[in-house]
Structures are given as structure tokens and as C-alpha cells.
>>> print(open('coords_21.cif').read())   # mmCIF, C-alpha atoms
data_structure
#
loop_
_atom_site.group_PDB
_atom_site.id
_atom_site.type_symbol
_atom_site.label_atom_id
_atom_site.label_comp_id
_atom_site.auth_asym_id
_atom_site.auth_seq_id
_atom_site.Cartn_x
_atom_site.Cartn_y
_atom_site.Cartn_z
ATOM 1 C CA MET A 24 -27.439 29.453 28.389
ATOM 2 C CA ALA A 25 -25.751 26.865 26.181
ATOM 3 C CA GLU A 26 -25.431 23.331 27.496
ATOM 4 C CA PRO A 27 -21.818 22.459 28.404
ATOM 5 C CA GLN A 28 -20.112 20.315 25.755
ATOM 6 C CA ARG A 29 -19.610 16.659 26.571
ATOM 7 C CA LEU A 30 -16.025 15.406 26.791
ATOM 8 C CA SER A 31 -16.741 12.903 23.988
ATOM 9 C CA ASP A 32 -17.896 15.673 21.661
ATOM 10 C CA LEU A 33 -14.847 17.797 22.447
ATOM 11 C CA PHE A 34 -12.564 14.838 21.724
ATOM 12 C CA LEU A 35 -14.305 14.043 18.419
ATOM 13 C CA ARG A 36 -14.299 17.684 17.314
ATOM 14 C CA ASP A 37 -10.599 18.047 18.094
ATOM 15 C CA VAL A 38 -9.742 14.901 16.120
ATOM 16 C CA SER A 39 -12.047 15.689 13.184
ATOM 17 C CA THR A 40 -10.379 19.037 12.466
ATOM 18 C CA ARG A 41 -6.953 17.398 12.161
ATOM 19 C CA LEU A 42 -7.596 14.152 10.273
ATOM 20 C CA VAL A 43 -6.199 13.827 6.763
ATOM 21 C CA GLY A 44 -7.828 11.793 3.965
ATOM 22 C CA SER A 45 -11.122 11.858 2.106
ATOM 23 C CA GLY A 46 -14.408 12.849 3.759
ATOM 24 C CA GLY A 47 -15.885 9.340 3.588
ATOM 25 C CA THR A 48 -12.980 7.565 5.266
ATOM 26 C CA ARG A 49 -12.703 10.278 7.928
ATOM 27 C CA ARG A 50 -16.434 10.039 8.669
ATOM 28 C CA ARG A 51 -16.208 6.268 9.051
ATOM 29 C CA LEU A 52 -13.335 6.599 11.535
ATOM 30 C CA LEU A 53 -15.194 9.219 13.569
ATOM 31 C CA THR A 54 -18.353 7.063 13.605
ATOM 32 C CA GLU A 55 -16.357 4.105 14.890
ATOM 33 C CA ILE A 56 -14.773 6.206 17.635
ATOM 34 C CA ARG A 57 -18.167 7.607 18.645
ATOM 35 C CA ASP A 58 -19.540 4.029 18.806
ATOM 36 C CA HIS A 59 -16.517 3.010 20.850
ATOM 37 C CA LEU A 60 -17.099 5.833 23.344
ATOM 38 C CA GLU A 61 -20.783 4.933 23.701
ATOM 39 C CA ASP A 62 -19.894 1.276 24.361
ATOM 40 C CA ALA A 63 -17.182 2.215 26.862
ATOM 41 C CA ILE A 64 -19.420 4.682 28.738
ATOM 42 C CA ALA A 65 -22.241 2.117 28.916
ATOM 43 C CA ALA A 66 -19.828 -0.540 30.227
ATOM 44 C CA ASN A 67 -18.441 1.846 32.853
ATOM 45 C CA VAL A 68 -21.946 2.841 34.018
ATOM 46 C CA GLU A 69 -22.881 -0.829 34.208
ATOM 47 C CA ALA A 70 -19.782 -1.372 36.346
ATOM 48 C CA GLY A 71 -21.152 1.205 38.830
ATOM 49 C CA MET A 72 -19.584 4.527 37.762
ATOM 50 C CA GLN A 73 -21.487 7.809 37.700
ATOM 51 C CA PRO A 74 -22.214 8.886 34.078
ATOM 52 C CA ALA A 75 -19.812 11.863 34.184
ATOM 53 C CA LEU A 76 -16.974 9.734 35.555
ATOM 54 C CA ALA A 77 -17.831 6.922 33.114
ATOM 55 C CA GLU A 78 -17.410 9.339 30.197
ATOM 56 C CA GLU A 79 -14.203 10.828 31.603
ATOM 57 C CA ARG A 80 -12.704 7.338 31.986
ATOM 58 C CA ALA A 81 -13.788 6.281 28.473
ATOM 59 C CA VAL A 82 -12.181 9.361 26.877
ATOM 60 C CA GLU A 83 -9.036 8.887 28.965
ATOM 61 C CA LEU A 84 -8.595 5.271 27.794
ATOM 62 C CA LEU A 85 -9.071 6.322 24.179
ATOM 63 C CA GLY A 86 -5.708 8.101 24.451
ATOM 64 C CA SER A 87 -4.668 11.529 23.282
ATOM 65 C CA PRO A 88 -6.154 13.016 20.125
ATOM 66 C CA ASP A 89 -2.555 13.531 18.945
ATOM 67 C CA ALA A 90 -1.800 9.785 19.065
ATOM 68 C CA LEU A 91 -4.931 8.991 17.076
ATOM 69 C CA VAL A 92 -4.278 11.701 14.471
ATOM 70 C CA ARG A 93 -0.655 10.550 14.075
ATOM 71 C CA ALA A 94 -1.640 6.868 13.691
ATOM 72 C CA TRP A 95 -4.251 7.829 11.100
ATOM 73 C CA ALA A 96 -1.789 10.012 9.159
ATOM 74 C CA GLU A 97 0.689 7.119 9.085
ATOM 75 C CA ARG A 98 -1.975 4.768 7.711
ATOM 76 C CA CYS A 99 -2.875 7.305 4.989
ATOM 77 C CA ARG A 100 0.804 7.809 4.114
ATOM 78 C CA ARG A 101 1.278 4.032 3.646
ATOM 79 C CA LEU A 102 -1.827 3.827 1.485
ATOM 80 C CA ARG A 103 -0.646 6.705 -0.727
ATOM 81 C CA THR A 104 2.778 5.057 -1.161
ATOM 82 C CA ARG A 105 1.157 1.777 -2.175
ATOM 83 C CA ARG A 106 -1.211 3.455 -4.653
ATOM 84 C CA ARG A 107 1.712 5.336 -6.186
ATOM 85 C CA GLY A 108 3.497 1.967 -6.582
ATOM 86 C CA HIS A 109 0.443 0.485 -8.325
ATOM 87 C CA ALA A 110 0.190 3.509 -10.625
ATOM 88 C CA VAL A 111 3.868 3.162 -11.591
ATOM 89 C CA MET A 112 3.329 -0.549 -12.374
ATOM 90 C CA LEU A 113 0.279 0.259 -14.496
ATOM 91 C CA VAL A 114 2.162 2.916 -16.454
ATOM 92 C CA ALA A 115 5.047 0.463 -16.980
ATOM 93 C CA ALA A 116 2.636 -2.241 -18.227
ATOM 94 C CA VAL A 117 0.926 0.166 -20.646
ATOM 95 C CA ALA A 118 4.296 1.449 -21.881
ATOM 96 C CA THR A 119 5.549 -2.131 -22.444
ATOM 97 C CA ALA A 120 2.378 -3.028 -24.353
ATOM 98 C CA ALA A 121 2.726 0.128 -26.464
ATOM 99 C CA VAL A 122 6.383 -0.607 -27.265
ATOM 100 C CA LEU A 123 5.514 -4.216 -28.222
ATOM 101 C CA GLY A 124 2.680 -2.959 -30.415
ATOM 102 C CA VAL A 125 4.930 -0.461 -32.174
ATOM 103 C CA ALA A 126 7.656 -3.092 -32.631
ATOM 104 C CA GLN A 127 5.215 -5.632 -34.102
ATOM 105 C CA HIS A 128 3.711 -2.990 -36.370
ATOM 106 C CA ALA A 129 7.199 -1.987 -37.603
ATOM 107 C CA ASP A 130 8.076 -5.679 -38.164
ATOM 108 C CA GLY A 131 4.910 -6.133 -40.236
ATOM 109 C CA GLN A 132 5.766 -3.040 -42.315
ATOM 110 C CA ARG A 133 9.307 -4.275 -43.057
ATOM 111 C CA ASN A 134 8.263 -7.807 -44.122
ATOM 112 C CA PRO A 135 4.625 -7.768 -45.199
ATOM 113 C CA THR A 136 4.830 -11.333 -46.625
ATOM 114 C CA ALA A 137 6.081 -12.851 -43.346
ATOM 115 C CA PRO A 138 3.548 -15.345 -42.044
ATOM 116 C CA THR A 139 1.605 -14.277 -38.987
ATOM 117 C CA ALA A 140 1.842 -16.221 -35.750
ATOM 118 C CA PRO A 141 -1.224 -18.445 -36.416
ATOM 119 C CA THR A 142 0.120 -19.299 -39.880
ATOM 120 C CA ARG A 143 3.418 -20.338 -38.349
ATOM 121 C CA ALA A 144 1.523 -22.489 -35.890
ATOM 122 C CA CYS A 145 -0.435 -24.117 -38.724
ATOM 123 C CA LEU A 146 2.800 -24.865 -40.603
ATOM 124 C CA ALA A 147 4.324 -26.390 -37.478
ATOM 125 C CA ALA A 148 1.209 -28.512 -36.907
ATOM 126 C CA GLN A 149 1.289 -29.730 -40.504
ATOM 127 C CA ALA A 150 4.967 -30.615 -40.154
ATOM 128 C CA CYS A 151 4.256 -32.625 -36.993
ATOM 129 C CA GLU A 152 1.552 -34.587 -38.783
ATOM 130 C CA GLY A 153 3.928 -35.455 -41.607
ATOM 131 C CA HIS A 154 2.450 -33.107 -44.176
ATOM 132 C CA ALA A 155 5.145 -31.129 -45.875
ATOM 133 C CA PRO A 156 4.306 -27.448 -45.753
ATOM 134 C CA ALA A 157 3.779 -25.710 -49.027
ATOM 135 C CA PRO A 158 7.043 -24.147 -50.102
ATOM 136 C CA HIS A 159 7.267 -20.437 -49.608
ATOM 137 C CA ALA A 160 7.007 -18.411 -52.781
ATOM 138 C CA ASP A 161 10.532 -17.008 -52.304
ATOM 139 C CA HIS A 162 12.092 -20.508 -52.102
ATOM 140 C CA ARG A 163 10.341 -21.987 -55.128
ATOM 141 C CA PRO A 164 12.886 -23.365 -57.637
ATOM 142 C CA GLY A 165 13.153 -21.101 -60.606
ATOM 143 C CA MET B 16 -16.150 -8.375 16.044
ATOM 144 C CA HIS B 17 -16.196 -4.562 16.399
ATOM 145 C CA GLY B 18 -13.331 -2.364 17.632
ATOM 146 C CA TYR B 19 -14.474 -2.031 21.230
ATOM 147 C CA ALA B 20 -15.041 -5.805 21.514
ATOM 148 C CA ILE B 21 -11.547 -6.467 20.125
ATOM 149 C CA ILE B 22 -9.991 -4.149 22.720
ATOM 150 C CA ASP B 23 -12.075 -5.711 25.484
ATOM 151 C CA TYR B 24 -11.053 -9.214 24.386
ATOM 152 C CA VAL B 25 -7.333 -8.322 24.295
ATOM 153 C CA ARG B 26 -7.561 -6.604 27.682
ATOM 154 C CA LEU B 27 -9.289 -9.580 29.311
ATOM 155 C CA THR B 28 -7.163 -12.315 27.779
ATOM 156 C CA SER B 29 -3.888 -10.473 28.497
ATOM 157 C CA SER B 30 -4.935 -9.737 32.102
ATOM 158 C CA GLY B 31 -4.516 -6.025 31.373
ATOM 159 C CA GLN B 32 -0.907 -6.388 30.136
ATOM 160 C CA PHE B 33 -1.624 -4.595 26.863
ATOM 161 C CA ASP B 34 -2.182 -1.014 27.872
ATOM 162 C CA TYR B 35 -2.343 1.201 24.793
ATOM 163 C CA ALA B 36 -4.282 4.218 23.568
ATOM 164 C CA GLU B 37 -7.521 2.516 22.551
ATOM 165 C CA GLY B 38 -8.266 4.990 19.771
ATOM 166 C CA THR B 39 -5.213 3.867 17.812
ATOM 167 C CA ILE B 40 -6.792 0.467 17.140
ATOM 168 C CA TYR B 41 -9.010 2.015 14.447
ATOM 169 C CA PRO B 42 -6.200 3.280 12.185
ATOM 170 C CA ALA B 43 -4.482 -0.094 12.806
ATOM 171 C CA LEU B 44 -7.605 -2.005 11.737
ATOM 172 C CA ARG B 45 -7.911 0.174 8.637
ATOM 173 C CA GLN B 46 -4.282 -0.559 7.803
ATOM 174 C CA LEU B 47 -4.946 -4.306 8.108
ATOM 175 C CA GLU B 48 -7.926 -3.822 5.813
ATOM 176 C CA ASP B 49 -5.761 -1.906 3.303
ATOM 177 C CA ASP B 50 -3.386 -4.893 3.355
ATOM 178 C CA GLY B 51 -6.250 -7.355 2.752
ATOM 179 C CA LEU B 52 -5.730 -9.086 6.098
ATOM 180 C CA VAL B 53 -9.185 -8.220 7.488
ATOM 181 C CA ARG B 54 -12.466 -7.170 5.909
ATOM 182 C CA SER B 55 -15.218 -5.071 7.461
ATOM 183 C CA ARG B 56 -18.895 -4.212 7.041
ATOM 184 C CA TRP B 57 -21.620 -2.337 8.885
ATOM 185 C CA ASP B 58 -23.687 -4.650 11.083
ATOM 186 C CA GLY B 59 -26.937 -3.870 12.875
ATOM 187 C CA THR B 60 -27.948 -7.215 14.339
ATOM 188 C CA ASP B 61 -28.104 -6.010 17.973
ATOM 189 C CA GLY B 62 -30.119 -2.901 17.125
ATOM 190 C CA ARG B 63 -27.085 -0.642 16.836
ATOM 191 C CA ARG B 64 -25.112 -0.128 13.649
ATOM 192 C CA ARG B 65 -21.464 -1.030 14.169
ATOM 193 C CA ARG B 66 -18.462 -1.651 11.935
ATOM 194 C CA VAL B 67 -17.485 -5.299 12.381
ATOM 195 C CA TYR B 68 -14.250 -6.929 11.296
ATOM 196 C CA ALA B 69 -13.376 -10.471 10.220
ATOM 197 C CA ILE B 70 -10.054 -12.023 9.311
ATOM 198 C CA THR B 71 -9.551 -12.987 5.651
ATOM 199 C CA ALA B 72 -7.848 -16.127 4.286
ATOM 200 C CA GLN B 73 -4.791 -13.972 3.556
ATOM 201 C CA GLY B 74 -4.959 -12.675 7.138
ATOM 202 C CA LYS B 75 -5.026 -16.220 8.550
ATOM 203 C CA LYS B 76 -1.983 -17.135 6.481
ATOM 204 C CA SER B 77 -0.134 -14.017 7.613
ATOM 205 C CA LEU B 78 -1.103 -14.677 11.243
ATOM 206 C CA ALA B 79 0.216 -18.246 11.070
ATOM 207 C CA GLY B 80 3.525 -16.889 9.746
ATOM 208 C CA ARG B 81 3.724 -14.260 12.496
ATOM 209 C CA CYS B 82 2.962 -16.922 15.143
ATOM 210 C CA ARG B 83 5.806 -19.088 13.840
ATOM 211 C CA GLU B 84 8.174 -16.089 13.921
ATOM 212 C CA TRP B 85 7.087 -15.245 17.465
ATOM 213 C CA GLU B 86 7.550 -18.845 18.594
ATOM 214 C CA LEU B 87 11.106 -18.946 17.190
ATOM 215 C CA PHE B 88 11.884 -15.596 18.815
ATOM 216 C CA THR B 89 10.615 -16.598 22.263
ATOM 217 C CA LYS B 90 12.432 -19.971 22.029
ATOM 218 C CA GLY B 91 15.629 -18.086 21.209
ATOM 219 C CA VAL B 92 15.209 -15.704 24.136
ATOM 220 C CA GLN B 93 14.388 -18.613 26.463
ATOM 221 C CA ALA B 94 17.516 -20.499 25.355
ATOM 222 C CA VAL B 95 19.700 -17.438 26.005
ATOM 223 C CA LEU B 96 18.164 -16.934 29.450
ATOM 224 C CA GLU B 97 18.684 -20.591 30.412
ATOM 225 C CA HIS B 98 22.359 -20.467 29.474
ATOM 226 C CA GLY B 99 22.954 -17.069 31.016
#
>>> encode(input="coords_21.cif", output="C-alpha cells")
Amino acid sequence: MAEPQRLSDLFLRDVSTRLVGSGGTRRRLLTEIRDHLEDAIAANVEAGMQPALAEERAVELLGSPDALVRAWAERCRRLRTRRRGHAVMLVAAVATAAVLGVAQHADGQRNPTAPTAPTRACLAAQACEGHAPAPHADHRPG
Amino acid sequence: MHGYAIIDYVRLTSSGQFDYAEGTIYPALRQLEDDGLVRSRWDGTDGRRRRVYAITAQGKKSLAGRCREWELFTKGVQAVLEHG
């Protein structure tokens, strides 16, 4: 004859079949709840309760499986919303970088003789030091 | 501090005023961890492996803000009660 199931096991099985999320995060939650039940039962026994009553009391204080499953689902929903927000920001950043790249490339194609940013910086530095920059080819007197 | 110890601490220090479904503390802790307010790791120093939690610098800052908000709220309620 099969041994009767402990209340703790029944609680954990009920919760485990209804939790959303990945296997790893669900397993961690169930491990923590199992640890919690063991601690609570041990504390109740130490306080003078019979083991069966100690377990019953520990499961009772844990609350209903529904409350736990709902709280967990809410946490997962918030996490999904946040990740979606991060993904949208990443896509926006990549799109902005791509648009800037295309714009700079187009600018370079239109005016291939235009000095690049470092060259402009060098000219500015020369000007600050009192050295007149070399006149641009297009502005040379004819 | 692990989940059961946190519940025990809150129960003792509040003289049993906080009566909630104990299981819901674990999704709440995970939410705090998602928000970067606490961090956790497996610990086996007392011979049993347990998930232990610690507040982060961001968590301390957030807590200080919440405490200030709570203080203002209770002062407001107290002022209303005194003039009522």
C-alpha cells in the first residue's frame, strides 16, 4: 500500500503544475518554499507540536496555492513588460545608429573633398595656436 | 537572511501585526531582485543549502526614500487626527 502523501508535497505539487516562467526560475522558487516548510515544521516541533500538526500549521501559514501562483504570475508579467521595454530601447538605439551611419555615408558621397572630423579639429587647433590654416583648394585665388 | 528568517523577523518585531500568506514573500523577493534592490545567492554555512538575500546599495537608497515618504504620510495623518 502506498504511503499517504505529506501535506507539504501536495502543496508543492499543486503549485508546481500552475507556475508560469522558465524551468530554472520555477525550480528555485519551489526549492525555497520546500526549505521554508522544513524550517517552519522544525520550529513548530521545537515549540512542542506533534509532527503532523506542525506540518499542517506550516502549510496553513504559507497561504493558499492560488495566492502564491497569482503573486508569481504578477512578478513574471512585470519582468516581461520590463524586458520588452529594454528590447524596444535597443531596437531604437540600433535604428538611430543605422540612420546616422547612412546619413554620414550619404554626406561623404555628396562632398568627397569635405574634411573629416579630425581634420576639422586639426584646423581649429592650428587656428587657436595662431597658425593660419592652409587655404582650401577651392578658395585659392585664381 | 533567508525567506523564513525574514518572515520570522517581521512577525517578531511587529508583534504579529503583519499577518500575510507567507508563501507570497518569495515572489516579492524575486521582484525586488528583478528591480536590483536585493541580491541573492545559495548559502550552505549551517549545513543546509538556503537562498539568502542581502540589500543592495540601490535598495538602501530606495528604502531611505520610502522611509521618508512613510514618515511624511504618518505625520500628515497624525496632524489630521489631532485637529479632528
>>> closest_residue(input="coords_21.cif", among="B:Ser77, B:Tyr19, B:Thr89, B:Ala94", to="Tyr41 (chain B)", atoms="all atoms listed in the file")
B:Tyr19
>>> interface_residues(input="coords_21.cif", of="chain B", to="chain A", cutoff="10 Å", atoms="all atoms listed in the file", output="PyMOL selection string")
chain B and resi 17-20+22-23+34-47+49-50+63-67
>>> residues_around(input="coords_21.cif", residues="Gly51 (chain B)", least_positions_apart="5", cutoff="8 Å", atoms="all atoms listed in the file", output="VMD selection string")
chain B and resid 71 73 to 74
>>> residues_around(input="coords_21.cif", residues="Ala75 (chain A)", least_positions_apart="5", cutoff="12 Å", atoms="all atoms listed in the file", output="ChimeraX atom specification")
/A:28-31,64-65,67-68,80-82
>>> atom_distance(input="coords_21.cif", atom1="CA of Leu42 (chain A)", atom2="CA of Arg100 (chain A)")
12.2 Å
>>> decode(input="coords_21.cif", residues="region 16-97 of chain B", atoms="C-alpha atoms", output="mmCIF file, in the first residue's frame")
data_model
loop_
_atom_site.group_PDB
_atom_site.id
_atom_site.type_symbol
_atom_site.label_atom_id
_atom_site.label_comp_id
_atom_site.auth_asym_id
_atom_site.auth_seq_id
_atom_site.Cartn_x
_atom_site.Cartn_y
_atom_site.Cartn_z
ATOM 1 C CA MET B 16 18.952 36.343 5.549
ATOM 2 C CA HIS B 17 16.725 33.636 4.005
ATOM 3 C CA GLY B 18 12.970 33.874 3.377
ATOM 4 C CA TYR B 19 11.826 32.068 6.506
ATOM 5 C CA ALA B 20 14.141 34.182 8.703
ATOM 6 C CA ILE B 21 12.788 37.376 7.109
ATOM 7 C CA ILE B 22 9.202 36.322 7.855
ATOM 8 C CA ASP B 23 10.143 35.329 11.397
ATOM 9 C CA TYR B 24 11.892 38.669 11.954
ATOM 10 C CA VAL B 25 8.906 40.682 10.658
ATOM 11 C CA ARG B 26 6.484 38.617 12.743
ATOM 12 C CA LEU B 27 8.504 39.084 15.936
ATOM 13 C CA THR B 28 9.289 42.766 15.518
ATOM 14 C CA SER B 29 5.697 43.644 14.540
ATOM 15 C CA SER B 30 4.266 41.629 17.460
ATOM 16 C CA GLY B 31 2.301 39.551 14.948
ATOM 17 C CA GLN B 32 0.633 42.589 13.314
ATOM 18 C CA PHE B 33 1.725 41.576 9.818
ATOM 19 C CA ASP B 34 -0.340 38.528 9.049
ATOM 20 C CA TYR B 35 0.048 37.573 5.395
ATOM 21 C CA ALA B 36 0.315 34.428 3.299
ATOM 22 C CA GLU B 37 3.950 33.544 3.947
ATOM 23 C CA GLY B 38 4.451 31.940 0.545
ATOM 24 C CA THR B 39 3.928 35.264 -1.214
ATOM 25 C CA ILE B 40 7.191 36.622 0.203
ATOM 26 C CA TYR B 41 9.163 34.601 -2.366
ATOM 27 C CA PRO B 42 7.645 36.195 -5.491
ATOM 28 C CA ALA B 43 8.017 39.559 -3.687
ATOM 29 C CA LEU B 44 11.713 38.911 -3.004
ATOM 30 C CA ARG B 45 12.229 37.884 -6.629
ATOM 31 C CA GLN B 46 10.555 41.102 -7.745
ATOM 32 C CA LEU B 47 12.910 43.124 -5.524
ATOM 33 C CA GLU B 48 15.792 41.209 -7.076
ATOM 34 C CA ASP B 49 14.480 41.961 -10.593
ATOM 35 C CA ASP B 50 14.466 45.646 -9.598
ATOM 36 C CA GLY B 51 18.061 45.452 -8.307
ATOM 37 C CA LEU B 52 17.033 46.269 -4.738
ATOM 38 C CA VAL B 53 18.248 42.963 -3.251
ATOM 39 C CA ARG B 54 20.679 40.295 -4.408
ATOM 40 C CA SER B 55 20.659 36.605 -3.533
ATOM 41 C CA ARG B 56 22.905 33.540 -3.531
ATOM 42 C CA TRP B 57 22.849 29.958 -2.304
ATOM 43 C CA ASP B 58 24.463 29.612 1.122
ATOM 44 C CA GLY B 59 25.390 26.420 2.947
ATOM 45 C CA THR B 60 27.202 27.675 6.028
ATOM 46 C CA ASP B 61 24.891 25.957 8.557
ATOM 47 C CA GLY B 62 24.977 22.614 6.750
ATOM 48 C CA ARG B 63 21.809 23.258 4.767
ATOM 49 C CA ARG B 64 21.722 24.979 1.398
ATOM 50 C CA ARG B 65 19.471 28.030 1.508
ATOM 51 C CA ARG B 66 18.841 31.037 -0.718
ATOM 52 C CA VAL B 67 19.953 34.108 1.228
ATOM 53 C CA TYR B 68 19.159 37.716 0.419
ATOM 54 C CA ALA B 69 21.020 40.974 1.044
ATOM 55 C CA ILE B 70 20.039 44.550 0.328
ATOM 56 C CA THR B 71 21.994 46.352 -2.413
ATOM 57 C CA ALA B 72 23.208 49.979 -2.402
ATOM 58 C CA GLN B 73 20.294 50.805 -4.715
ATOM 59 C CA GLY B 74 17.966 49.028 -2.273
ATOM 60 C CA LYS B 75 19.268 51.091 0.663
ATOM 61 C CA LYS B 76 18.691 54.290 -1.289
ATOM 62 C CA SER B 77 15.174 53.212 -2.236
ATOM 63 C CA LEU B 78 14.441 52.197 1.368
ATOM 64 C CA ALA B 79 15.576 55.589 2.679
ATOM 65 C CA GLY B 80 13.213 57.264 0.198
ATOM 66 C CA ARG B 81 10.309 55.016 1.209
ATOM 67 C CA CYS B 82 11.005 55.723 4.909
ATOM 68 C CA ARG B 83 10.877 59.469 4.257
ATOM 69 C CA GLU B 84 7.579 59.064 2.368
ATOM 70 C CA TRP B 85 6.146 56.961 5.191
ATOM 71 C CA GLU B 86 7.253 59.492 7.802
ATOM 72 C CA LEU B 87 5.558 62.352 5.910
ATOM 73 C CA PHE B 88 2.408 60.261 5.495
ATOM 74 C CA THR B 89 2.154 59.308 9.173
ATOM 75 C CA LYS B 90 2.872 62.928 10.231
ATOM 76 C CA GLY B 91 0.053 64.056 7.944
ATOM 77 C CA VAL B 92 -2.378 61.505 9.357
ATOM 78 C CA GLN B 93 -1.353 62.408 12.918
ATOM 79 C CA ALA B 94 -1.922 66.120 12.236
ATOM 80 C CA VAL B 95 -5.403 65.421 10.837
ATOM 81 C CA LEU B 96 -6.296 63.256 13.837
ATOM 82 C CA GLU B 97 -5.116 65.903 16.321
#
